[in-house]
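Here the structure is laid out as structure tokens; the discussion comes afterwards.
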Amino acid sequence: MWFLPVLIRNLLKGPSTEAFPFGEAMTPKKMRARIAFDPESCALCRVCARICPAGAIQFEKRPDGLEFNLWHNSCVFCGLCTLYCESEGLHATGDWHLSHPQSEKYDLVEKATVKFQKCSKCGKQKMPAPLPLMAKLYPGLSADEIERLRAMCPQCRKAETAPQDGGTQ
């Protein structure tokens with residue numbers, strides 16, 4: 001009969017488990033969950049694809065840019081891709097609700113195309129320079145100056161920002 005006080009306490013307290021998937025479930029702060037991709041911030045360095053232990057991130061070359069594919073059913077939520085993403089193109093969300101019918105398993109993919117742009121100086125196709133990364137690379141420049149440099153390819157940007165020789169001896 002020692003279990004009766006425990007039984008009565010538990011009946012009065014209510015269930016100790018979450019009602020998921022039939023109700024809202026609590027998500028702890030800083031929980032690594034579904035990864036979100038921002039194509040505007042992507043530098044196309046592809047470190048995320050190389051570092052992903054599950055192989056959930058893949059890039060495919062297209063005529064107009066690179067297509068980013070993130071297979072959520074393969075992702076193990078380790079967070080390495082977000083840790084190594086210098087341009088802040090990937091970030092973890094608090095959305096861990098990935099239950100789905102077996103028939104929808106191929107729908108758990110996030111696709112986005114990072115489009116190539118033309119250089120404002122030489123006109124060649126180039127990768128876009130993401131704003132967060134440009135702000136890190138060129139601290140102290142105004143927003144207008146950073147936007148002007150973002151429109152250039154890496155070679156033109158390097159020539160534009162290289163220190164000029166005075167030519168005096």
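All residue names refer to the structure tokens as shown: chains lettered A, B, ... in order, residues numbered from 1 in each chain, ligands numbered from 1 in order.
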Against stretch 126-141 of chain A, which residues of stretch 41-119 of chain A fall within 7 Å? For each one I want the closest pair of atoms and the distance in Å (one decimal), counting only C-alpha atoms, rows by chain and increasing residue number, as JSON lines.
```
{"residue": "A:Ser41", "atom": "CA", "partner": "A:Pro130", "partner_atom": "CA", "distance": 4.6}
{"residue": "A:Cys42", "atom": "CA", "partner": "A:Pro130", "partner_atom": "CA", "distance": 6.0}
{"residue": "A:Ala43", "atom": "CA", "partner": "A:Pro130", "partner_atom": "CA", "distance": 5.7}
{"residue": "A:Glu86", "atom": "CA", "partner": "A:Leu133", "partner_atom": "CA", "distance": 6.7}
{"residue": "A:Ser87", "atom": "CA", "partner": "A:Leu133", "partner_atom": "CA", "distance": 4.9}
{"residue": "A:Glu88", "atom": "CA", "partner": "A:Pro132", "partner_atom": "CA", "distance": 6.9}
{"residue": "A:Phe116", "atom": "CA", "partner": "A:Met127", "partner_atom": "CA", "distance": 5.1}
{"residue": "A:Gln117", "atom": "CA", "partner": "A:Lys126", "partner_atom": "CA", "distance": 5.4}
{"residue": "A:Lys118", "atom": "CA", "partner": "A:Lys126", "partner_atom": "CA", "distance": 5.8}
{"residue": "A:Cys119", "atom": "CA", "partner": "A:Lys126", "partner_atom": "CA", "distance": 6.4}
```
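For stretch 29-108 of chain A, a DSSP pass over the backbone yields alpha helix (DSSP H) at Val47, Cys48, Ala49, Arg50, Ile51, Leu80, Cys81, Thr82, Leu83 and Tyr84 of chain A.
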Original post:
stretch 66-78 of chain A: which residues within 6 Å, counting only C-alpha atoms, same-chain residues fewer than 4 positions away excluded, as a list in words?
Top reply: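 Using only C-alpha atoms, the neighbours found are Arg32, Ala33, Ala56, Ile57, Gln58, Phe59, Glu60, Lys61, Arg62, Leu108, Val109, Glu110, Lys111, Ala112, Thr113 and Val114 of chain A.
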**OP:** Tell me, in Å to one decimal, how far atom CA of A:Pro53 is from atom CA of A:Met31.
**Re:**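 It comes out at 18.8 Å.
Between A:Pro39 and the residues A:Cys122, A:Ala162, A:Leu90, A:Cys156, the shortest atom-to-atom distance, using only C-alpha atoms, involves A:Leu90.
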Original post:
What gap, in Å, lies between atom CA of A:Lys121 and atom CA of A:Glu147?
Top reply: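 That distance, rounded to one decimal, is 13.2 Å.
If you look at atom CA of A:Ala159 and atom CA of A:Pro63, they are 27.2 Å away from each other.
Distances to A:His91 were evaluated for A:Leu4, A:Ile35, A:Leu44, A:Met152 using only C-alpha atoms, and the minimum falls at A:Ile35.
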For stretch 9-20 of chain A: contacts at 12 Å, only C-alpha atoms, fewer than 6 positions along chain excluded, given as a JSON list (two decimals) with N, CA and C atoms, in the first residue's frame:
```json
[["chain", "number", "residue", "atom", "x", "y", "z"],
["A", 3, "PHE", "N", 2.35, 2.59, -2.39],
["A", 3, "PHE", "CA", 2.23, 3.30, -3.66],
["A", 3, "PHE", "C", 1.01, 4.23, -3.72],
["A", 26, "MET", "N", 6.77, 21.92, -25.48],
["A", 26, "MET", "CA", 7.74, 22.92, -25.08],
["A", 26, "MET", "C", 9.06, 22.68, -25.81],
["A", 27, "THR", "N", 9.65, 23.75, -26.31],
["A", 27, "THR", "CA", 10.95, 23.67, -26.96],
["A", 27, "THR", "C", 11.97, 24.38, -26.10],
["A", 96, "TRP", "N", 11.38, 21.75, -34.51],
["A", 96, "TRP", "CA", 11.85, 20.38, -34.58],
["A", 96, "TRP", "C", 10.73, 19.41, -34.93],
["A", 97, "HIS", "N", 9.57, 19.93, -35.28],
["A", 97, "HIS", "CA", 8.41, 19.10, -35.61],
["A", 97, "HIS", "C", 8.56, 18.58, -37.04],
["A", 98, "LEU", "N", 9.14, 17.43, -37.18],
["A", 98, "LEU", "CA", 9.38, 16.86, -38.50],
["A", 98, "LEU", "C", 8.62, 15.57, -38.73],
["A", 99, "SER", "N", 7.61, 15.30, -37.93],
["A", 99, "SER", "CA", 6.83, 14.09, -38.15],
["A", 99, "SER", "C", 6.05, 14.24, -39.45]]
```
**OP:** Just the strand (DSSP E or B) stuff from chain A, please, per backbone DSSP, written as JSON, numbers by chain.
**Re:** {"A": [35, 36, 37, 57, 58, 59, 60, 61, 62, 65, 66, 67, 68, 69, 70, 71, 90, 91, 92, 109, 110, 111, 112, 113, 114, 115, 117, 118, 125, 126]}
Original post:
When distances are computed from only C-alpha atoms, which of A:Ile8, A:Ala25, A:Ala151, A:Ile51 shows the smallest separation from A:Gly94?
Top reply: A:Ala25
